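Trainee: The following block contains the structure, expressed as structure tokens.
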Amino acid sequence: MFRNILSVGGLTLLSRLAGFVRDVVMAAVLGAGPVADAFLIAFRLPNHFRAIFAEGAFNAAFVPTYARLREQDGVPVARGFADEILTAMTLVHAVLLALALGFTPQFVGLLAPGLADDPERFGLAVTLTRITFPYLALISVATLVTGALNASDRFAVAAAAPILLNICMVSTLLAAALFPTAGHAAAWGVLISGVAQLFVVGLDAERHGIGLRFARPKLDPGTRQFLKALGPAIIGSAGVQIALFADTIIATFLPAGALSALYYADRINQLPIGVVGIAVGTVLLPEMSRRLAAKDDAGAAHSQARAIELATLLAIPFVAAALLVPDLTMRALFARGAFTAADAADAAATLRAYGVGLLAFVVVRAFIAPFHARGDTRTPMIASLTAVALNVALKFALMGTLAQVGLALATAVGGWINVSLLVLFAIRRGYPVGDAALGRHLAKLFVLLILVGAALVGAQALAAALLPPSLWAREEIMLLLVVIAGAAVYGGGLFVLLGRSFLAGVMGRRGPRPDSMPR
């Protein structure tokens, strides 16, 4: 499992680094003005639906069912099930795409009502949404193929495919002079990347004998189990997206640039969530599904405990940086071209608020996996909807005084509520939450977080005192020195506090210990 997590995490990191290059180019070309806001609305709409129907709900229902059929009935049965789902998914997305293209102004008006008083921005958002929305159908089918690959222990190409989104968008943004606006260039880059990603994962599936074909859907036991899990999974995933929709809706009523501040702060916030959290969840779900299908409950619980530890360990530097040095981070990464120092300051305050809940969002998939692996999508749905209701209420309470920073802070609080409810529900259902060593290790990891945070603050103060204000690339050099100092303390503290035995356990070099599992 550890090797697969590293593979997925490493490729996701490469994708996020490519995404950083994309965001630097976007910040320089689009800035944080009306065109940028219009594109970000057009980009968010298909991404919200993708997170609901594709990466969120679909994976939660499809991967455990596919893994169970493959483990118990063989590859041909599992592949036949996937073929049937492919046909149904294609039909559903064809209808959704037709509705979206036919009623785009209504979609944009519903989700970005604050643009109603700005006809120019509203019209541009409608035009760009019509370009980007087909990306949803393409990426949803690609997610189906990716789920089959992951359940078959094929992770690499599927994890690398999102890099194509960044490559395509950077390419079209650099050629922005050929388009009516830079927003049009970015939107066409999104659509082209959807075609490219589907082609790449489809080709990998064909090479490994997992290629899918259209087949007439049947209500066999596998399909019924999938549909039973899909409904609550959609509602649960929709709950998370409702909170993000609320961000978009509320931010359109805030001054221009609020959407951009949310976007760039969230891009940094999403780096550890994508590299660590999603990688852990991607590998842990099929791992636990296979173990539970083989009646290895102790092994499944052991895998979850090590995944929580690994996710926490890898998230520590990001959490410390988001909370303690967000201003330096934003200035060094984005304050150039059309993105001003004031824009960077707004984004930094937003990033600090996101940082409050960053660890919760990194580990949440490790707490959801035990439910999904057992075919229970209803319980995570209840936890998600409860957290979202409190999250949205808090957004409205904070937006007046804190603007977009309040939206981010409410999101962070919602993340912790979600994790807390998942732990509570798991205990009530008798599911083990880790093992006897998990609590001790998490306490030591918290100490490590404090040490890394102190190193970042100290290094920033020292670098600011030593580097002259007129130095070329001063902010970038300061950030590099801060990262080096934090990495040194992180590595040293890891071995002093936790030692080699902890690393061996997290890396899977010792087997599960059933006698250490809570009863």
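Identifiers in this document derive from the order of the structure tokens: chains are assigned A, B, ..., residues are numbered from 1 separately in each chain, and ligands are numbered from 1 in order of occurrence.
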Please identify all polymer residues within 6 Å of Ala265 in chain A, counting only C-alpha atoms, omitting same-chain residues fewer than 3 positions from it, and present them as a PyMOL selection string.
Mentor: chain A and resi 262+268+347+350-351
Trainee: Export, as a compact mmCIF listing (two decimals), in the first residue's frame, the selected residues with C-alpha atoms.
Mentor:
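Wrote again-v2.txt, looks like this:
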```
# COMPACT_ATOMS: atom_id res chain seq x y z
CA LEU A 262 -10.31 32.34 -2.78
CA ILE A 268 -2.11 26.22 -2.32
CA ALA A 347 -4.97 35.59 -0.76
CA THR A 350 -7.55 33.48 3.02
CA LEU A 351 -4.88 30.78 2.98
```
Trainee: Quick one: residues within 8 Å of Ala366 in chain A, only C-alpha atoms counted, chain neighbours fewer than 4 positions away excluded, as a list in words?
Mentor: Gly277, Val280, Gly281, Leu284, Gln304, Ala307, Ile308 and Pro370 of chain A
Trainee: Go ahead and write the residues just picked, C-alpha atoms, as a PDB file, in the first residue's frame.
Mentor:
```pdb
ATOM      1  CA  GLY A 277      -5.157  13.147   1.081  1.00  0.00           C
ATOM      2  CA  VAL A 280      -4.131   7.994   0.559  1.00  0.00           C
ATOM      3  CA  GLY A 281      -7.850   7.722  -0.165  1.00  0.00           C
ATOM      4  CA  LEU A 284      -6.780   2.875   0.861  1.00  0.00           C
ATOM      5  CA  GLN A 304      -6.443   2.496   7.914  1.00  0.00           C
ATOM      6  CA  ALA A 307      -2.805   5.566   6.299  1.00  0.00           C
ATOM      7  CA  ILE A 308      -3.930   8.114   8.933  1.00  0.00           C
ATOM      8  CA  PRO A 370     -14.011   2.103   6.284  1.00  0.00           C
TER       9      PRO A 370
END
```
Trainee: With only C-alpha atoms as the atoms that count, which of A:Ala159, A:Met169, A:Leu479, A:Ile250 lies nearest to Arg331 in chain A?
Mentor: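 Distance minimum relative to Arg331 in chain A lands on A:Leu479.
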Trainee: Choose the residue, out of A:Val195, A:Ala27, A:Leu498, A:Val75, that has the smallest atom-to-atom separation from Leu313 in chain A; count only C-alpha atoms.
Mentor: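 Of A:Val195, A:Ala27, A:Leu498, A:Val75, the one nearest Leu313 in chain A, counting only C-alpha atoms, is A:Leu498.
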Trainee: List the neighbours of Gly231 in chain A out to 9 Å using only C-alpha atoms; skip same-chain residues closer than 2 positions along the sequence, and give me the result as a list in words.
Mentor: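 Selected residues are Ala57, Ala61, Phe226, Leu227, Lys228, Ala229, Ala233, Ile234, Ile235, Gly236, Thr377 and Arg378 of chain A.
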